[in-house]
>>> print(open('target-v8.txt').read())   # compact mmCIF, C-alpha atoms
# COMPACT_ATOMS: atom_id res chain seq x y z
CA MET A 1 0.00 0.00 0.00
CA LYS A 2 1.37 3.39 -1.01
CA LEU A 3 -0.64 6.49 -0.15
CA THR A 4 0.26 9.92 -1.50
CA THR A 5 -0.08 13.48 -0.24
CA PRO A 6 -2.30 15.73 -2.37
CA THR A 7 -0.84 19.06 -3.44
CA PHE A 8 -1.22 21.72 -0.77
CA GLY A 9 -4.55 23.49 -1.20
CA ASP A 10 -6.04 20.85 -3.53
CA SER A 11 -9.71 21.89 -3.67
CA SER A 12 -10.88 18.28 -3.98
CA VAL A 13 -9.72 17.54 -0.42
CA LYS A 14 -12.21 18.09 2.37
CA THR A 15 -11.02 20.44 5.10
CA TYR A 16 -12.04 21.22 8.66
CA ILE A 17 -11.53 24.39 10.70
CA THR A 18 -10.67 23.45 14.27
CA PRO A 19 -12.98 25.12 16.81
CA PRO A 20 -11.61 27.30 19.63
CA SER A 21 -9.66 24.98 21.91
CA MET A 22 -9.72 24.69 25.68
CA PHE A 23 -6.42 26.56 25.81
CA GLY A 24 -7.24 29.48 23.54
CA GLY A 25 -6.15 28.04 20.19
CA GLY A 26 -8.21 26.81 17.29
CA GLY A 27 -9.19 28.22 13.93
CA VAL A 28 -6.63 26.08 12.07
CA THR A 29 -7.65 24.59 8.73
CA VAL A 30 -6.77 20.90 8.52
CA PRO A 31 -7.31 18.51 5.60
CA ILE A 32 -9.41 15.41 6.14
CA PRO A 33 -7.82 12.29 4.61
CA GLU A 34 -9.99 9.50 3.28
CA ARG A 35 -10.36 6.90 6.03
CA PRO A 36 -11.21 3.20 5.56
CA ILE A 37 -13.05 2.92 8.91
CA PRO A 38 -14.84 5.49 11.12
CA ILE A 39 -12.62 7.81 13.15
CA ARG A 40 -14.17 6.91 16.50
CA GLU A 41 -13.80 3.18 15.85
CA ASN A 42 -10.14 3.61 14.95
CA PHE A 43 -9.50 5.69 18.08
CA ARG A 44 -10.98 2.97 20.26
CA ARG A 45 -8.78 0.42 18.54
CA ALA A 46 -5.76 2.60 19.26
CA ALA A 47 -6.78 3.02 22.90
CA LYS A 48 -7.26 -0.71 23.39
CA ARG A 49 -4.17 -1.60 21.34
CA ASP A 50 -6.38 -3.61 19.00
CA LYS A 51 -5.19 -3.21 15.41
CA PRO A 52 -5.80 0.49 14.62
CA VAL A 53 -5.70 1.37 10.92
CA TRP A 54 -3.87 4.68 11.44
CA LEU A 55 -2.33 6.53 14.35
CA PRO A 56 -4.97 9.07 15.46
CA ASN A 57 -4.32 12.79 15.04
CA SER A 58 -5.96 15.20 17.51
CA ALA A 59 -6.44 17.87 14.84
CA THR A 60 -8.48 15.64 12.54
CA ASP A 61 -9.91 13.06 14.94
CA ILE A 62 -10.80 14.79 18.23
CA ASP A 63 -13.11 17.56 19.48
CA ALA A 64 -11.95 18.65 22.95
CA VAL A 65 -13.85 20.65 25.55
CA MET A 66 -13.25 21.68 29.17
CA VAL A 67 -15.73 20.50 31.78
CA ALA A 68 -16.20 24.16 32.80
CA ASN A 69 -17.65 24.91 29.34
CA LEU A 70 -20.29 22.23 29.90
CA THR A 71 -21.15 23.13 33.49
CA GLY A 72 -20.68 26.88 33.78
CA TRP A 73 -18.01 26.56 36.45
CA GLY A 74 -15.25 29.13 36.74
CA GLU A 75 -12.31 28.64 34.38
CA CYS A 76 -9.46 30.79 33.20
CA ASP A 77 -9.35 32.46 29.81
CA TRP A 78 -6.22 30.94 28.31
CA SER A 79 -6.16 33.47 25.50
CA ARG A 80 -5.53 36.45 27.79
CA THR A 81 -2.07 37.96 28.16
CA ASP A 82 -2.53 39.63 31.56
CA ARG A 83 -2.51 38.29 35.10
CA TYR A 84 -5.91 38.09 36.72
CA ASP A 85 -7.73 36.11 39.44
CA TRP A 86 -10.68 33.79 39.04
CA VAL A 87 -12.64 31.41 41.31
CA ASP A 88 -13.43 27.76 40.62
CA GLN A 89 -16.47 25.69 41.61
CA PHE A 90 -14.97 24.83 45.02
CA GLY A 91 -14.26 28.46 45.85
CA CYS A 92 -10.50 28.17 45.31
CA ILE A 93 -8.90 31.36 44.00
CA TRP A 94 -6.49 31.09 41.07
CA THR A 95 -4.21 33.52 39.29
CA TYR A 96 -3.75 33.18 35.55
CA VAL A 97 -0.03 33.57 34.88
CA PRO A 98 0.50 34.05 31.12
CA GLU A 99 4.28 33.72 31.32
CA ALA A 100 3.81 30.27 32.92
CA GLY A 101 1.17 29.33 30.38
CA GLY A 102 -1.60 28.60 32.85
CA PRO A 103 -3.29 29.19 36.22
CA MET A 104 -1.57 28.89 39.59
CA LEU A 105 -3.22 28.76 43.00
CA LYS A 106 -3.29 32.37 44.26
CA ILE A 107 -0.49 32.94 46.75
CA GLY A 108 -1.78 32.78 50.31
CA THR A 109 -5.05 31.12 49.32
CA LYS A 110 -6.27 28.37 51.63
CA SER A 111 -9.89 27.21 51.49
CA LEU A 112 -9.46 24.41 54.03
CA GLU A 113 -7.34 24.87 57.16
CA ASP A 114 -7.45 21.27 58.39
CA ILE A 115 -8.18 18.14 56.36
CA CYS A 116 -9.99 16.73 59.38
CA ASP A 117 -12.63 19.45 58.89
CA TRP A 118 -13.36 18.69 55.24
CA LYS A 119 -16.94 17.51 55.92
CA ARG A 120 -17.76 20.84 57.53
CA ASP A 121 -15.74 23.23 55.40
CA VAL A 122 -15.60 21.87 51.84
CA LYS A 123 -18.57 22.95 49.72
CA PHE A 124 -19.03 20.55 46.83
CA PRO A 125 -20.75 22.09 43.80
CA ASN A 126 -24.51 21.61 43.64
CA LEU A 127 -25.23 20.59 40.05
CA ALA A 128 -28.75 21.99 40.29
CA ASP A 129 -27.20 25.46 40.45
CA TYR A 130 -25.76 25.15 36.93
CA LYS A 131 -27.37 25.08 33.49
CA ILE A 132 -25.68 21.88 32.39
CA ALA A 133 -28.39 20.68 29.99
CA GLU A 134 -28.42 24.00 28.14
CA LEU A 135 -24.63 24.26 27.95
CA CYS A 136 -24.28 20.69 26.70
CA ALA A 137 -26.96 21.29 24.09
CA GLU A 138 -25.14 24.41 22.94
CA TYR A 139 -21.85 22.55 22.68
CA ALA A 140 -23.47 19.64 20.81
CA LYS A 141 -24.30 22.05 17.98
CA THR A 142 -20.58 22.49 17.30
CA HIS A 143 -19.46 18.89 17.82
CA ASP A 144 -18.92 16.69 14.77
CA PRO A 145 -20.40 13.31 15.79
CA GLU A 146 -17.90 11.51 13.55
CA ARG A 147 -15.03 12.81 15.71
CA VAL A 148 -13.96 11.64 19.16
CA LEU A 149 -15.51 13.75 21.94
CA GLN A 150 -12.88 14.48 24.61
CA VAL A 151 -13.84 16.10 27.93
CA ASN A 152 -11.09 17.49 30.14
CA VAL A 153 -12.44 17.12 33.70
CA GLY A 154 -9.73 19.20 35.37
CA LEU A 155 -8.30 18.65 38.84
CA GLY A 156 -8.24 15.07 40.11
CA CYS A 157 -8.18 13.62 43.63
CA THR A 158 -4.84 14.80 45.00
CA GLU A 159 -4.78 18.04 42.98
CA ARG A 160 -8.14 19.11 44.41
CA MET A 161 -6.93 18.40 47.95
CA VAL A 162 -3.76 20.43 47.25
CA ALA A 163 -5.84 23.35 45.99
CA LEU A 164 -8.13 23.32 49.02
CA LEU A 165 -5.29 23.07 51.54
CA GLY A 166 -3.26 25.81 49.90
CA GLY A 167 -0.28 23.90 48.52
CA TYR A 168 1.67 20.68 48.26
CA GLU A 169 3.46 20.98 51.59
CA GLU A 170 0.16 21.14 53.46
CA ALA A 171 -1.35 18.33 51.38
CA MET A 172 1.59 15.96 51.79
CA CYS A 173 1.65 16.59 55.56
CA ALA A 174 -2.07 15.79 55.63
CA MET A 175 -1.45 12.49 53.82
CA ALA A 176 1.28 11.58 56.31
CA LEU A 177 -0.47 12.69 59.50
CA GLU A 178 -4.19 12.21 58.77
CA PRO A 179 -4.50 9.40 56.21
CA ASP A 180 -8.04 8.47 57.27
CA ALA A 181 -9.31 12.02 56.82
CA VAL A 182 -7.56 12.28 53.46
CA SER A 183 -9.07 8.99 52.32
CA GLY A 184 -12.52 10.16 53.38
CA PHE A 185 -12.17 13.36 51.40
CA LEU A 186 -10.86 11.60 48.29
CA GLU A 187 -13.77 9.16 48.34
CA ALA A 188 -16.25 12.05 48.65
CA PHE A 189 -14.50 13.86 45.81
CA VAL A 190 -14.85 10.78 43.61
CA ASP A 191 -18.56 10.65 44.45
CA ALA A 192 -18.84 14.24 43.21
CA GLU A 193 -16.84 13.50 40.03
CA ILE A 194 -19.05 10.52 39.26
CA GLU A 195 -22.14 12.70 39.70
CA VAL A 196 -20.76 15.29 37.27
CA VAL A 197 -19.74 12.82 34.58
CA SER A 198 -23.03 10.92 34.95
CA LYS A 199 -24.89 14.17 34.29
CA LEU A 200 -22.75 15.01 31.24
CA CYS A 201 -23.30 11.53 29.84
CA GLU A 202 -27.05 12.22 29.83
CA TYR A 203 -26.48 14.84 27.15
CA LEU A 204 -23.26 14.03 25.30
CA PRO A 205 -21.64 10.87 23.83
CA ILE A 206 -18.31 11.21 25.66
CA ASP A 207 -15.58 9.04 24.15
CA LEU A 208 -12.51 10.21 26.06
CA ILE A 209 -11.92 11.83 29.45
CA THR A 210 -8.66 13.55 30.33
CA TYR A 211 -8.18 13.41 34.08
CA HIS A 212 -5.57 15.65 35.71
CA ASP A 213 -3.74 14.44 38.78
CA ASP A 214 -0.07 15.38 39.05
CA TRP A 215 1.89 12.97 41.19
CA GLY A 216 5.40 14.41 41.13
CA THR A 217 8.03 16.98 40.39
CA GLU A 218 10.60 16.53 37.66
CA ARG A 219 12.88 14.98 40.28
CA ASP A 220 10.55 12.40 41.84
CA THR A 221 7.02 11.71 43.05
CA PHE A 222 5.35 13.72 45.81
CA PHE A 223 4.58 10.56 47.77
CA GLY A 224 5.69 6.94 47.80
CA GLU A 225 4.24 3.55 47.02
CA ALA A 226 2.72 3.05 50.48
CA MET A 227 0.62 6.22 50.19
CA MET A 228 -0.32 5.29 46.63
CA GLU A 229 -1.53 1.88 47.75
CA ASN A 230 -3.21 2.95 51.00
CA ILE A 231 -4.67 6.36 50.10
CA VAL A 232 -4.68 7.32 46.41
CA TYR A 233 -5.15 4.06 44.50
CA ASN A 234 -8.61 2.94 45.66
CA PRO A 235 -10.58 6.16 45.06
CA THR A 236 -8.82 6.63 41.73
CA LYS A 237 -9.66 3.07 40.71
CA ARG A 238 -13.29 3.55 41.66
CA LEU A 239 -13.48 6.64 39.49
CA PHE A 240 -11.75 4.96 36.56
CA ASP A 241 -13.96 1.88 36.91
CA PHE A 242 -16.94 4.19 36.61
CA PHE A 243 -15.52 5.77 33.45
CA ARG A 244 -15.09 2.31 31.95
CA SER A 245 -18.67 1.41 32.91
CA LYS A 246 -19.70 4.29 30.64
CA ASP A 247 -17.43 2.97 27.85
CA ILE A 248 -15.22 6.05 28.21
CA ILE A 249 -11.53 5.95 27.25
CA ILE A 250 -9.25 7.23 30.03
CA GLU A 251 -6.33 9.59 29.60
CA HIS A 252 -4.33 10.48 32.72
CA HIS A 253 -2.45 13.78 32.60
CA CYS A 254 0.24 13.38 35.24
CA CYS A 255 3.18 15.78 35.58
CA GLY A 256 6.47 14.82 37.14
CA ASN A 257 8.95 11.97 37.16
CA ILE A 258 6.38 9.23 37.79
CA LYS A 259 8.27 6.11 36.76
CA ARG A 260 7.50 4.39 40.05
CA PHE A 261 3.76 4.85 39.49
CA VAL A 262 3.40 3.68 35.89
CA PRO A 263 2.72 0.05 36.97
CA TYR A 264 -0.14 1.37 39.11
CA GLN A 265 -1.51 3.33 36.17
CA VAL A 266 -1.48 0.13 34.13
CA LYS A 267 -3.41 -1.64 36.92
CA LEU A 268 -5.83 1.28 37.13
CA GLY A 269 -6.71 0.72 33.49
CA VAL A 270 -5.43 4.00 32.08
CA ASP A 271 -5.62 3.92 28.28
CA PHE A 272 -3.33 6.89 27.56
CA LEU A 273 -0.73 8.79 29.56
CA GLN A 274 -0.11 12.49 28.96
CA ILE A 275 3.25 13.03 30.70
CA GLN A 276 6.37 15.17 30.55
CA ASP A 277 9.14 14.26 28.14
CA ARG A 278 11.88 15.98 30.09
CA ALA A 279 10.96 14.19 33.33
CA ASN A 280 10.45 10.67 31.96
CA ASP A 281 12.02 8.21 29.54
CA ILE A 282 8.79 7.73 27.61
CA PRO A 283 10.27 5.51 24.87
CA ALA A 284 11.37 3.18 27.68
CA PHE A 285 7.84 3.28 29.09
CA LYS A 286 6.54 2.25 25.66
CA ARG A 287 8.99 -0.66 25.52
CA ASN A 288 8.33 -1.81 29.08
CA PHE A 289 4.62 -1.08 29.52
CA GLY A 290 3.26 -0.57 25.99
CA SER A 291 1.23 -3.76 26.00
CA GLY A 292 -0.82 -2.37 28.89
CA ILE A 293 -0.94 1.39 28.40
CA GLY A 294 -0.77 4.02 25.66
CA PHE A 295 0.68 7.49 25.21
CA GLU A 296 -0.33 10.85 23.80
CA ARG A 297 2.58 12.37 21.90
CA VAL A 298 3.00 15.94 20.69
CA LEU A 299 3.74 16.34 16.99
CA ALA A 300 4.99 19.86 16.32
CA PRO A 301 7.08 20.17 13.14
CA LEU A 302 8.04 23.80 12.60
CA LYS A 303 9.33 23.55 9.03
CA ALA A 304 8.41 21.52 5.95
CA GLU A 305 11.71 19.66 6.09
CA ASP A 306 10.94 18.46 9.65
CA VAL A 307 7.65 16.77 8.81
CA SER A 308 8.73 13.36 7.50
CA ARG A 309 11.41 12.85 10.14
CA GLU A 310 9.16 13.75 13.07
CA VAL A 311 6.23 11.69 11.81
CA CYS A 312 8.35 8.60 11.15
CA GLU A 313 10.04 8.89 14.53
CA LEU A 314 6.73 9.17 16.39
CA VAL A 315 5.10 6.25 14.59
CA ASP A 316 8.18 4.01 14.75
CA VAL A 317 8.70 4.60 18.50
CA TYR A 318 5.12 4.68 19.76
CA GLY A 319 2.97 3.07 17.09
CA LYS A 320 3.80 -0.58 17.73
CA GLY A 321 0.63 -2.47 18.64
CA GLY A 322 -1.41 0.73 18.83
CA GLY A 323 -1.64 2.61 22.11
CA ALA A 324 -0.71 6.05 20.78
CA PHE A 325 -2.24 9.19 19.37
CA ALA A 326 -0.62 12.39 18.19
CA SER A 327 -1.44 15.96 19.18
CA LEU A 328 -0.65 18.12 16.17
CA THR A 329 0.31 21.61 17.34
CA ALA A 330 1.69 23.08 14.10
CA VAL A 331 -0.09 26.19 12.81
CA ASP A 332 1.61 26.95 9.47
CA PRO A 333 -1.07 25.93 6.91
CA GLU A 334 1.25 24.02 4.59
CA VAL A 335 3.04 22.27 7.47
CA VAL A 336 -0.34 21.26 8.93
CA TRP A 337 -1.42 19.92 5.53
CA ASN A 338 1.74 17.90 4.94
CA THR A 339 1.95 16.62 8.52
CA THR A 340 -1.66 15.46 8.49
CA PHE A 341 -1.21 13.44 5.32
CA GLU A 342 2.25 12.16 6.26
CA LEU A 343 0.95 10.87 9.60
CA ASN A 344 -2.11 9.31 8.01
CA ASN A 345 -0.21 7.73 5.14
CA TYR A 346 2.86 6.53 7.01
CA SER A 347 0.89 5.09 9.91
CA GLN A 348 -1.58 3.31 7.60
CA GLU A 349 1.35 1.74 5.79
CA TYR A 350 2.98 0.89 9.16
CA TYR A 351 -0.15 -0.86 10.48
CA SER A 352 -0.80 -2.70 7.20
CA LEU A 353 2.50 -4.60 7.37
>>> encode(input="target-v8.txt", output="structure tokens")
Amino acid sequence: MKLTTPTFGDSSVKTYITPPSMFGGGGVTVPIPERPIPIRENFRRAAKRDKPVWLPNSATDIDAVMVANLTGWGECDWSRTDRYDWVDQFGCIWTYVPEAGGPMLKIGTKSLEDICDWKRDVKFPNLADYKIAELCAEYAKTHDPERVLQVNVGLGCTERMVALLGGYEEAMCAMALEPDAVSGFLEAFVDAEIEVVSKLCEYLPIDLITYHDDWGTERDTFFGEAMMENIVYNPTKRLFDFFRSKDIIIEHHCCGNIKRFVPYQVKLGVDFLQIQDRANDIPAFKRNFGSGIGFERVLAPLKAEDVSREVCELVDVYGKGGGAFASLTAVDPEVVWNTTFELNNYSQEYYSL
């Protein structure tokens, strides 16, 4: 099989303008290659490492939305260039820091003084206060049902506890000194997450959830295996089991050097990891754990001469057996065109062998 790339701008090729993204991007015109099977079916094959036909491309295969856009919760405006404060659904105050590329907990903010008082002091969002049905209906008008629907649910178990307690030092001390109280809070948080996702599933056909829970710095994890096993693992597994019960693919965004926790992520049933290159040997993770877990990989060629090399490298390293999808971040129209077809063509040829 030998597929070719149409000439840039060929009017016979269907194109798609990416909608505004969760992080302020969007509006990029991407070509749509001819596909032998439906996009959503192929993505599920990739997630389950079950004979995908091509390596999925976020630009052509996925529509992504933040949970805040579907619930009306507070969220930062990633397109702004100034610092400003905003409040999330738990009452935590954040500062958008454009030079850091995202929000940071506002310095000095602490919504919960003592983890032992979480039942009294933590106010979980009341879904009846939000116009979820209307917001989901509005979003559904823009979603292409042939594409994968990805919902980014934001802060996970430990990240939410960190935000409420005012920082990692306070949260790690709580895990060490009050494990029962921490466990109680995490279980209640999972109950709330399940309620939210259950409500969204009433209105939208969610294919993929990206769950954020950072477990480390670039040097090492915040906590060790004992705390993972005794505190963090069970509530996380209950949440992920619920996602699977809804036939939702699971992506875990997890910053830091988390090598010690990858076996747990495999056991938890994570389909894709979204992790830091500079903190982890991700090719080694693919070699050692690729039969049980997949990886999202950024594909960002800057020049036309970079396209073939970067595509081939990504597919050759991460494509084996499936378990990979690419996030195309290029914006130059011709580079986007060539990268889209190169990834589609090379990966189809790769998987046909």
>>> atom_distance(input="target-v8.txt", atom1="atom CA of Ala192 of chain A", atom2="atom CA of Ala226 of chain A")
25.4 Å
>>> residues_around(input="target-v8.txt", residues="segment 102-108 of chain A", least_positions_apart="6", cutoff="10 Å", atoms="all atoms listed in the file", output="VMD selection string")
chain A and resid 23 75 to 79 83 to 87 92 to 96 162 to 164 166 to 167
>>> atom_distance(input="target-v8.txt", atom1="atom CA of Leu112 of chain A", atom2="atom CA of Ile231 of chain A")
19.1 Å
>>> atom_distance(input="target-v8.txt", atom1="atom CA of Ala300 of chain A", atom2="atom CA of Arg44 of chain A")
23.6 Å
>>> residues_around(input="target-v8.txt", residues="Phe240 of chain A", least_positions_apart="5", cutoff="8 Å", atoms="only C-alpha atoms", output="PyMOL selection string")
chain A and resi 250+268-270
>>> closest_residue(input="target-v8.txt", among="A:Ile258, A:Val331, A:Val190, A:Leu239", to="Asp220 of chain A", atoms="only C-alpha atoms")
A:Ile258
>>> closest_residue(input="target-v8.txt", among="A:Asp121, A:Arg49, A:Glu251, A:Trp54", to="Gly290 of chain A", atoms="all atoms listed in the file")
A:Arg49
>>> residues_near_point(input="target-v8.txt", point="(-8.3, 9.3, 0.2)", cutoff="9 Å", atoms="all atoms listed in the file", output="short mmCIF file (atom, residue, chain, number, x, y, z; two decimals) with C-alpha atoms, in the frame of the given file")
data_model
loop_
_atom_site.label_atom_id
_atom_site.label_comp_id
_atom_site.auth_asym_id
_atom_site.auth_seq_id
_atom_site.Cartn_x
_atom_site.Cartn_y
_atom_site.Cartn_z
CA LEU A 3 -0.64 6.49 -0.15
CA THR A 4 0.26 9.92 -1.50
CA VAL A 13 -9.72 17.54 -0.42
CA ILE A 32 -9.41 15.41 6.14
CA PRO A 33 -7.82 12.29 4.61
CA GLU A 34 -9.99 9.50 3.28
CA ARG A 35 -10.36 6.90 6.03
CA PRO A 36 -11.21 3.20 5.56
#
>>> residues_around(input="target-v8.txt", residues="Arg309 of chain A", least_positions_apart="3", cutoff="12 Å", atoms="all atoms listed in the file", output="list in words")
Leu299, Ala300, Pro301, Leu302, Lys303, Ala304, Glu305, Asp306, Cys312, Glu313, Leu314, Val315, Asp316, Thr339, Glu342, Leu343 and Tyr346 of chain A
>>> residues_around(input="target-v8.txt", residues="Pro56 of chain A", least_positions_apart="3", cutoff="12 Å", atoms="all atoms listed in the file", output="MDAnalysis selection string")
chainID A and resid 33 35 38:47 52:53 59:62 147:148 295:299 314:315 318:319 322:328 340:341 343:348
>>> closest_residue(input="target-v8.txt", among="A:Ile132, A:Leu208, A:Val317, A:Cys255", to="Pro283 of chain A", atoms="all atoms listed in the file")
A:Val317
>>> residues_around(input="target-v8.txt", residues="Ala128 of chain A", least_positions_apart="5", cutoff="12 Å", atoms="only C-alpha atoms", output="list in words")
Thr71, Gly72, Ala133, Glu195, Val196 and Lys199 of chain A
>>> closest_residue(input="target-v8.txt", among="A:Glu187, A:Arg278, A:Leu177, A:Tyr264", to="Arg219 of chain A", atoms="only C-alpha atoms")
A:Arg278
>>> decode(input="target-v8.txt", residues="segment 39-121 of chain A", atoms="C-alpha atoms", output="PDB file, in the first residue's frame")
ATOM      1  CA  ILE A  39     -12.622   7.815  13.153  1.00  0.00           C
ATOM      2  CA  ARG A  40     -14.168   6.907  16.499  1.00  0.00           C
ATOM      3  CA  GLU A  41     -13.803   3.181  15.847  1.00  0.00           C
ATOM      4  CA  ASN A  42     -10.144   3.608  14.946  1.00  0.00           C
ATOM      5  CA  PHE A  43      -9.505   5.691  18.075  1.00  0.00           C
ATOM      6  CA  ARG A  44     -10.980   2.971  20.263  1.00  0.00           C
ATOM      7  CA  ARG A  45      -8.784   0.415  18.535  1.00  0.00           C
ATOM      8  CA  ALA A  46      -5.756   2.600  19.259  1.00  0.00           C
ATOM      9  CA  ALA A  47      -6.779   3.024  22.903  1.00  0.00           C
ATOM     10  CA  LYS A  48      -7.265  -0.707  23.389  1.00  0.00           C
ATOM     11  CA  ARG A  49      -4.175  -1.602  21.337  1.00  0.00           C
ATOM     12  CA  ASP A  50      -6.378  -3.610  19.001  1.00  0.00           C
ATOM     13  CA  LYS A  51      -5.194  -3.206  15.408  1.00  0.00           C
ATOM     14  CA  PRO A  52      -5.797   0.489  14.625  1.00  0.00           C
ATOM     15  CA  VAL A  53      -5.704   1.366  10.924  1.00  0.00           C
ATOM     16  CA  TRP A  54      -3.875   4.680  11.441  1.00  0.00           C
ATOM     17  CA  LEU A  55      -2.332   6.529  14.348  1.00  0.00           C
ATOM     18  CA  PRO A  56      -4.967   9.071  15.457  1.00  0.00           C
ATOM     19  CA  ASN A  57      -4.319  12.786  15.038  1.00  0.00           C
ATOM     20  CA  SER A  58      -5.958  15.197  17.511  1.00  0.00           C
ATOM     21  CA  ALA A  59      -6.436  17.868  14.839  1.00  0.00           C
ATOM     22  CA  THR A  60      -8.477  15.642  12.542  1.00  0.00           C
ATOM     23  CA  ASP A  61      -9.911  13.065  14.942  1.00  0.00           C
ATOM     24  CA  ILE A  62     -10.805  14.794  18.232  1.00  0.00           C
ATOM     25  CA  ASP A  63     -13.114  17.557  19.484  1.00  0.00           C
ATOM     26  CA  ALA A  64     -11.948  18.648  22.951  1.00  0.00           C
ATOM     27  CA  VAL A  65     -13.847  20.650  25.553  1.00  0.00           C
ATOM     28  CA  MET A  66     -13.247  21.678  29.168  1.00  0.00           C
ATOM     29  CA  VAL A  67     -15.735  20.502  31.776  1.00  0.00           C
ATOM     30  CA  ALA A  68     -16.204  24.156  32.797  1.00  0.00           C
ATOM     31  CA  ASN A  69     -17.651  24.910  29.344  1.00  0.00           C
ATOM     32  CA  LEU A  70     -20.285  22.227  29.900  1.00  0.00           C
ATOM     33  CA  THR A  71     -21.152  23.126  33.495  1.00  0.00           C
ATOM     34  CA  GLY A  72     -20.684  26.883  33.780  1.00  0.00           C
ATOM     35  CA  TRP A  73     -18.009  26.558  36.450  1.00  0.00           C
ATOM     36  CA  GLY A  74     -15.249  29.132  36.744  1.00  0.00           C
ATOM     37  CA  GLU A  75     -12.311  28.636  34.384  1.00  0.00           C
ATOM     38  CA  CYS A  76      -9.460  30.788  33.201  1.00  0.00           C
ATOM     39  CA  ASP A  77      -9.349  32.459  29.810  1.00  0.00           C
ATOM     40  CA  TRP A  78      -6.215  30.936  28.309  1.00  0.00           C
ATOM     41  CA  SER A  79      -6.156  33.469  25.504  1.00  0.00           C
ATOM     42  CA  ARG A  80      -5.531  36.455  27.786  1.00  0.00           C
ATOM     43  CA  THR A  81      -2.074  37.955  28.162  1.00  0.00           C
ATOM     44  CA  ASP A  82      -2.532  39.631  31.561  1.00  0.00           C
ATOM     45  CA  ARG A  83      -2.508  38.287  35.099  1.00  0.00           C
ATOM     46  CA  TYR A  84      -5.910  38.088  36.716  1.00  0.00           C
ATOM     47  CA  ASP A  85      -7.730  36.112  39.435  1.00  0.00           C
ATOM     48  CA  TRP A  86     -10.676  33.788  39.041  1.00  0.00           C
ATOM     49  CA  VAL A  87     -12.640  31.414  41.312  1.00  0.00           C
ATOM     50  CA  ASP A  88     -13.435  27.756  40.621  1.00  0.00           C
ATOM     51  CA  GLN A  89     -16.471  25.687  41.611  1.00  0.00           C
ATOM     52  CA  PHE A  90     -14.967  24.833  45.024  1.00  0.00           C
ATOM     53  CA  GLY A  91     -14.256  28.465  45.846  1.00  0.00           C
ATOM     54  CA  CYS A  92     -10.500  28.166  45.312  1.00  0.00           C
ATOM     55  CA  ILE A  93      -8.896  31.358  43.999  1.00  0.00           C
ATOM     56  CA  TRP A  94      -6.488  31.092  41.071  1.00  0.00           C
ATOM     57  CA  THR A  95      -4.213  33.521  39.290  1.00  0.00           C
ATOM     58  CA  TYR A  96      -3.754  33.175  35.546  1.00  0.00           C
ATOM     59  CA  VAL A  97      -0.026  33.575  34.876  1.00  0.00           C
ATOM     60  CA  PRO A  98       0.502  34.050  31.117  1.00  0.00           C
ATOM     61  CA  GLU A  99       4.283  33.717  31.316  1.00  0.00           C
ATOM     62  CA  ALA A 100       3.809  30.274  32.917  1.00  0.00           C
ATOM     63  CA  GLY A 101       1.169  29.328  30.381  1.00  0.00           C
ATOM     64  CA  GLY A 102      -1.599  28.598  32.846  1.00  0.00           C
ATOM     65  CA  PRO A 103      -3.291  29.193  36.216  1.00  0.00           C
ATOM     66  CA  MET A 104      -1.570  28.892  39.588  1.00  0.00           C
ATOM     67  CA  LEU A 105      -3.218  28.764  43.003  1.00  0.00           C
ATOM     68  CA  LYS A 106      -3.294  32.366  44.259  1.00  0.00           C
ATOM     69  CA  ILE A 107      -0.492  32.939  46.745  1.00  0.00           C
ATOM     70  CA  GLY A 108      -1.777  32.785  50.308  1.00  0.00           C
ATOM     71  CA  THR A 109      -5.049  31.123  49.322  1.00  0.00           C
ATOM     72  CA  LYS A 110      -6.274  28.374  51.628  1.00  0.00           C
ATOM     73  CA  SER A 111      -9.886  27.212  51.495  1.00  0.00           C
ATOM     74  CA  LEU A 112      -9.455  24.410  54.032  1.00  0.00           C
ATOM     75  CA  GLU A 113      -7.341  24.867  57.162  1.00  0.00           C
ATOM     76  CA  ASP A 114      -7.451  21.270  58.393  1.00  0.00           C
ATOM     77  CA  ILE A 115      -8.181  18.140  56.358  1.00  0.00           C
ATOM     78  CA  CYS A 116      -9.994  16.733  59.376  1.00  0.00           C
ATOM     79  CA  ASP A 117     -12.635  19.447  58.894  1.00  0.00           C
ATOM     80  CA  TRP A 118     -13.363  18.691  55.242  1.00  0.00           C
ATOM     81  CA  LYS A 119     -16.937  17.507  55.916  1.00  0.00           C
ATOM     82  CA  ARG A 120     -17.759  20.838  57.530  1.00  0.00           C
ATOM     83  CA  ASP A 121     -15.737  23.228  55.395  1.00  0.00           C
TER      84      ASP A 121
END
